[in-house]
Amino acid sequence: MNGAPGAATARVTPRGAERWVRGHPWIYRTDVTAAPGEPGVVAVHDARGRFIGQALHSPRSEIRLRLLERTDRPIDGRWWRERIAAANARRDVIDANAYRIVHGEGDALPSLVVDRYDRWAVVQILSAGLETMRDTVVGAVVDVLGVDGVLLRNDAAVRRREGLPEEVMLAHGAVPERIEVREAAIRYWAAPWTGQKTGAFLDQRPNRTIAGALARPGGRALDCFSYHGSFALHLAAHSAGVLALDSSADALARGAENAALNGFENIEWRAADAFETLRAMERARERFDTIALDPPAFAKSRAAVPQALRGYREVNLRALRLLAPGGVLVTASCSFHLRLPDFLEMLHLAAGDSGRTVVLERILGQGADHPELLTVPETGYLKGAVLRVR
Ligand SMILES: C[S@@+](CC[C@H](N)C(=O)[O-])C[C@H]1O[C@@H](n2cnc3c(N)ncnc32)[C@H](O)[C@@H]1O
């Protein structure tokens, strides 16, 4: 095979080719010995001139090539429809109407994110190579998912490394300002145009259901780093009262609307700093039966991990001390740079500081609609645990 006829070509070092053999789709700049000046799809050859596959090419990015296809089959609308349909078929048992359909490399569609929100799709195109196929990809999303509208949330910072603008734009039909989402027995409003990520934190979906099921009936619960109340709503269905805490008053205002959507009147919304409030509540000897702790990514880079660990240890320590006997902490970290063993080590230290007997009941991850490939660590970032104090 020589690659698709007429296709632009790139050539890579043996080390670059070995990455594909070992199951990672990225080949870095330093392992690309020849490539065109323009972004697009290229046929890739190894150092001996043998065709090894087709890739998205990003001439300005450190990640220069992203494997799409190992044969010379044309990467056309049909190809995209088949890949997106296969990813969609893997999600046929999800008890929600908002979830991820394509998780980039985790679904063998590098640098592409497609999230379904009921009858609409929110898409992120995260590489210069993929940007050249934008209309084909959007067309395939519409054909496969049958959605009424496609919004491009291309305001992700990683696009800058690709030399691409950050922008939010409608790519097909119409997409409303807010979309009613059903997640198991709970409903909430997602904000596709303005909300964080693509409009909601879809990655925590199964963990929110787990937290709700663990809430003590008639007990008191805390949702710390609540955003628009996603954990609080699941906790409120089982608890007598819930305190939802976040620094963003806007997010909490939407949380209050979400509570109304479900007919809940047992959630208190408090805009405050979590570190200060947890400390103050510990001093006041407050007690909760269930706590959800879902902070933002404290470690944005590998260099920031030591500092981030101090932050995670602090909030987990306070949360453990606030638990009533038999109480449960559902805790998480979405920092890619903080890997699971370090997260568990941090919990081990926080438990030691807390003076409580802490049982590790369960290790949590991102939902199955965000598949994490063992050979592609970048596909996994969310980790968590269920801890119970005696
Ligand atoms: C990962 S998001 C939470 C997502 C949410 N649990 C969900 O499932 O939808 C982290 C949240 O922490 C909030 N936040 C960041 N720093 C904070 C602080 N120091 N105190 C309180 N909230 C903070 C942000 O506003 C954001 O809503």
# chains A, B, ... in the order shown; residues from 1 in each chain; ligands from 1
call {"tool": "residues_near_ligand", "arguments": {"ligand": "ligand 1", "cutoff": "10 Å", "atoms": "only C-alpha atoms and all ligand atoms", "output": "number ranges by chain"}}
result
A: 190, 195-197, 199-205, 207-208, 223-232, 244-252, 255, 270-278, 292-298, 311, 332-335, 382
call {"tool": "residues_around", "arguments": {"residues": "segment 21-38 of chain A", "least_positions_apart": "5", "cutoff": "6 Å", "atoms": "only C-alpha atoms", "output": "PDB file with N, CA and C atoms, in the first residue's frame"}}
result
ATOM      1  N   ALA A  10       3.845  12.210   4.775  1.00  0.00           N
ATOM      2  CA  ALA A  10       4.786  12.556   5.837  1.00  0.00           C
ATOM      3  C   ALA A  10       5.655  11.341   6.082  1.00  0.00           C
ATOM      4  N   ARG A  11       6.858  11.597   6.614  1.00  0.00           N
ATOM      5  CA  ARG A  11       7.758  10.477   6.906  1.00  0.00           C
ATOM      6  C   ARG A  11       8.193  10.599   8.368  1.00  0.00           C
ATOM      7  N   VAL A  12       8.285   9.439   9.036  1.00  0.00           N
ATOM      8  CA  VAL A  12       8.596   9.469  10.471  1.00  0.00           C
ATOM      9  C   VAL A  12       9.785   8.581  10.794  1.00  0.00           C
ATOM     10  N   THR A  13      10.401   8.828  11.940  1.00  0.00           N
ATOM     11  CA  THR A  13      11.544   8.033  12.401  1.00  0.00           C
ATOM     12  C   THR A  13      11.057   6.668  12.898  1.00  0.00           C
ATOM     13  N   GLY A  16       9.115   7.168  15.988  1.00  0.00           N
ATOM     14  CA  GLY A  16       7.758   7.665  15.733  1.00  0.00           C
ATOM     15  C   GLY A  16       6.833   6.527  15.327  1.00  0.00           C
ATOM     16  N   GLU A  62       3.280  20.627  18.603  1.00  0.00           N
ATOM     17  CA  GLU A  62       4.251  19.615  19.039  1.00  0.00           C
ATOM     18  C   GLU A  62       3.731  18.226  18.697  1.00  0.00           C
ATOM     19  N   ILE A  63       2.416  18.039  18.815  1.00  0.00           N
ATOM     20  CA  ILE A  63       1.802  16.761  18.393  1.00  0.00           C
ATOM     21  C   ILE A  63       1.557  16.906  16.896  1.00  0.00           C
ATOM     22  N   ARG A  64       2.479  16.380  16.100  1.00  0.00           N
ATOM     23  CA  ARG A  64       2.468  16.689  14.667  1.00  0.00           C
ATOM     24  C   ARG A  64       1.508  15.773  13.907  1.00  0.00           C
ATOM     25  N   LEU A  65       1.456  14.487  14.305  1.00  0.00           N
ATOM     26  CA  LEU A  65       0.607  13.520  13.587  1.00  0.00           C
ATOM     27  C   LEU A  65      -0.285  12.780  14.573  1.00  0.00           C
ATOM     28  N   ARG A  66      -1.549  12.603  14.176  1.00  0.00           N
ATOM     29  CA  ARG A  66      -2.493  11.829  14.999  1.00  0.00           C
ATOM     30  C   ARG A  66      -3.089  10.741  14.095  1.00  0.00           C
ATOM     31  N   LEU A  67      -2.860   9.495  14.473  1.00  0.00           N
ATOM     32  CA  LEU A  67      -3.293   8.367  13.638  1.00  0.00           C
ATOM     33  C   LEU A  67      -4.812   8.326  13.493  1.00  0.00           C
ATOM     34  N   THR A 375      -3.188   2.409  26.739  1.00  0.00           N
ATOM     35  CA  THR A 375      -1.997   2.811  25.983  1.00  0.00           C
ATOM     36  C   THR A 375      -1.988   4.309  25.666  1.00  0.00           C
ATOM     37  N   VAL A 376      -3.065   5.014  26.029  1.00  0.00           N
ATOM     38  CA  VAL A 376      -3.140   6.463  25.763  1.00  0.00           C
ATOM     39  C   VAL A 376      -3.534   7.167  27.073  1.00  0.00           C
TER      40      VAL A 376
END
call {"tool": "closest_residue", "arguments": {"among": "A:His337, A:Arg83, A:His348, A:Arg134", "to": "Gly104 of chain A", "atoms": "only C-alpha atoms"}}
result
A:Arg83
call {"tool": "residues_around", "arguments": {"residues": "Ser354 of chain A", "least_positions_apart": "6", "cutoff": "9 Å", "atoms": "only C-alpha atoms", "output": "NGL selection string"}}
result
:A and (317-318 or 320-321)
call {"tool": "closest_atom_pairs", "arguments": {"of": "segment 238-297 of chain A", "to": "segment 162-180 of chain A", "cutoff": "12 Å", "atoms": "only C-alpha atoms", "output": "Markdown table"}}
result
| residue | atom | partner | partner_atom | distance |
| --- | --- | --- | --- | --- |
| A:Arg254 | CA | A:Arg178 | CA | 10.4 |
| A:Glu257 | CA | A:Glu180 | CA | 11.2 |
| A:Asn258 | CA | A:Glu180 | CA | 9.3 |
| A:Leu261 | CA | A:Glu180 | CA | 9.2 |
| A:Asn262 | CA | A:Glu180 | CA | 11.2 |
call {"tool": "closest_residue", "arguments": {"among": "A:Ala319, A:Val150, A:Ala121, A:Ile363", "to": "Asp135 of chain A", "atoms": "only C-alpha atoms"}}
result
A:Val150
call {"tool": "select_by_dssp", "arguments": {"residues": "segment 175-383 of chain A", "states": "alpha helix (DSSP H)", "output": "PyMOL selection string"}}
result
chain A and resi 205-214+230-236+249-262+274-283+305-322+340-354
call {"tool": "residues_around", "arguments": {"residues": "Leu329 of chain A", "least_positions_apart": "3", "cutoff": "7 Å", "atoms": "only C-alpha atoms", "output": "list in words"}}
result
Thr290, Ile291, Ala292, Val386, Leu387 and Arg388 of chain A
call {"tool": "write_last_selection", "arguments": {"atoms": "C-alpha atoms", "output": "JSON list (two decimals), in the first residue's frame"}}
result
[["chain", "number", "residue", "atom", "x", "y", "z"],
["A", 290, "THR", "CA", -22.65, 12.60, 52.90],
["A", 291, "ILE", "CA", -20.12, 14.90, 51.22],
["A", 292, "ALA", "CA", -19.29, 15.27, 47.53],
["A", 386, "VAL", "CA", -15.80, 6.57, 48.00],
["A", 387, "LEU", "CA", -14.53, 6.80, 51.57],
["A", 388, "ARG", "CA", -16.50, 5.94, 54.69]]
call {"tool": "closest_residue", "arguments": {"among": "A:Phe343, A:Leu322, A:Val102, A:Leu233", "to": "Ala308 of chain A", "atoms": "only C-alpha atoms"}}
result
A:Phe343
call {"tool": "select_by_dssp", "arguments": {"residues": "segment 86-334 of chain A", "states": "strand (DSSP E or B)", "output": "VMD selection string"}}
result
chain A and resid 96 98 to 103 112 to 117 120 to 125 149 to 154 167 to 173 179 to 183 186 to 190 220 to 224 241 to 246 267 to 271 288 to 293 323 to 333
call {"tool": "closest_residue", "arguments": {"among": "A:Leu338, A:Met133, A:Ala43, A:Met346", "to": "Ala299 of chain A", "atoms": "only C-alpha atoms"}}
result
A:Leu338
call {"tool": "atom_distance", "arguments": {"atom1": "atom CA of Ser239 of chain A", "atom2": "atom CA of Leu360 of chain A"}}
result
22.5 Å
call {"tool": "closest_residue", "arguments": {"among": "A:Leu68, A:Ala156, A:Glu345, A:Ala17", "to": "Arg50 of chain A", "atoms": "only C-alpha atoms"}}
result
A:Ala17
call {"tool": "residues_around", "arguments": {"residues": "Leu126 of chain A", "least_positions_apart": "3", "cutoff": "7 Å", "atoms": "only C-alpha atoms", "output": "JSON, numbers by chain"}}
result
{"A": [111, 112, 158, 159]}
call {"tool": "write_last_selection", "arguments": {"atoms": "C-alpha atoms", "output": "PDB file, in the first residue's frame"}}
result
ATOM      1  CA  SER A 111      -8.810  15.608  18.723  1.00  0.00           C
ATOM      2  CA  LEU A 112     -12.598  15.275  18.263  1.00  0.00           C
ATOM      3  CA  VAL A 158      -5.514  23.732  23.499  1.00  0.00           C
ATOM      4  CA  ARG A 159      -6.510  25.144  20.106  1.00  0.00           C
TER       5      ARG A 159
END
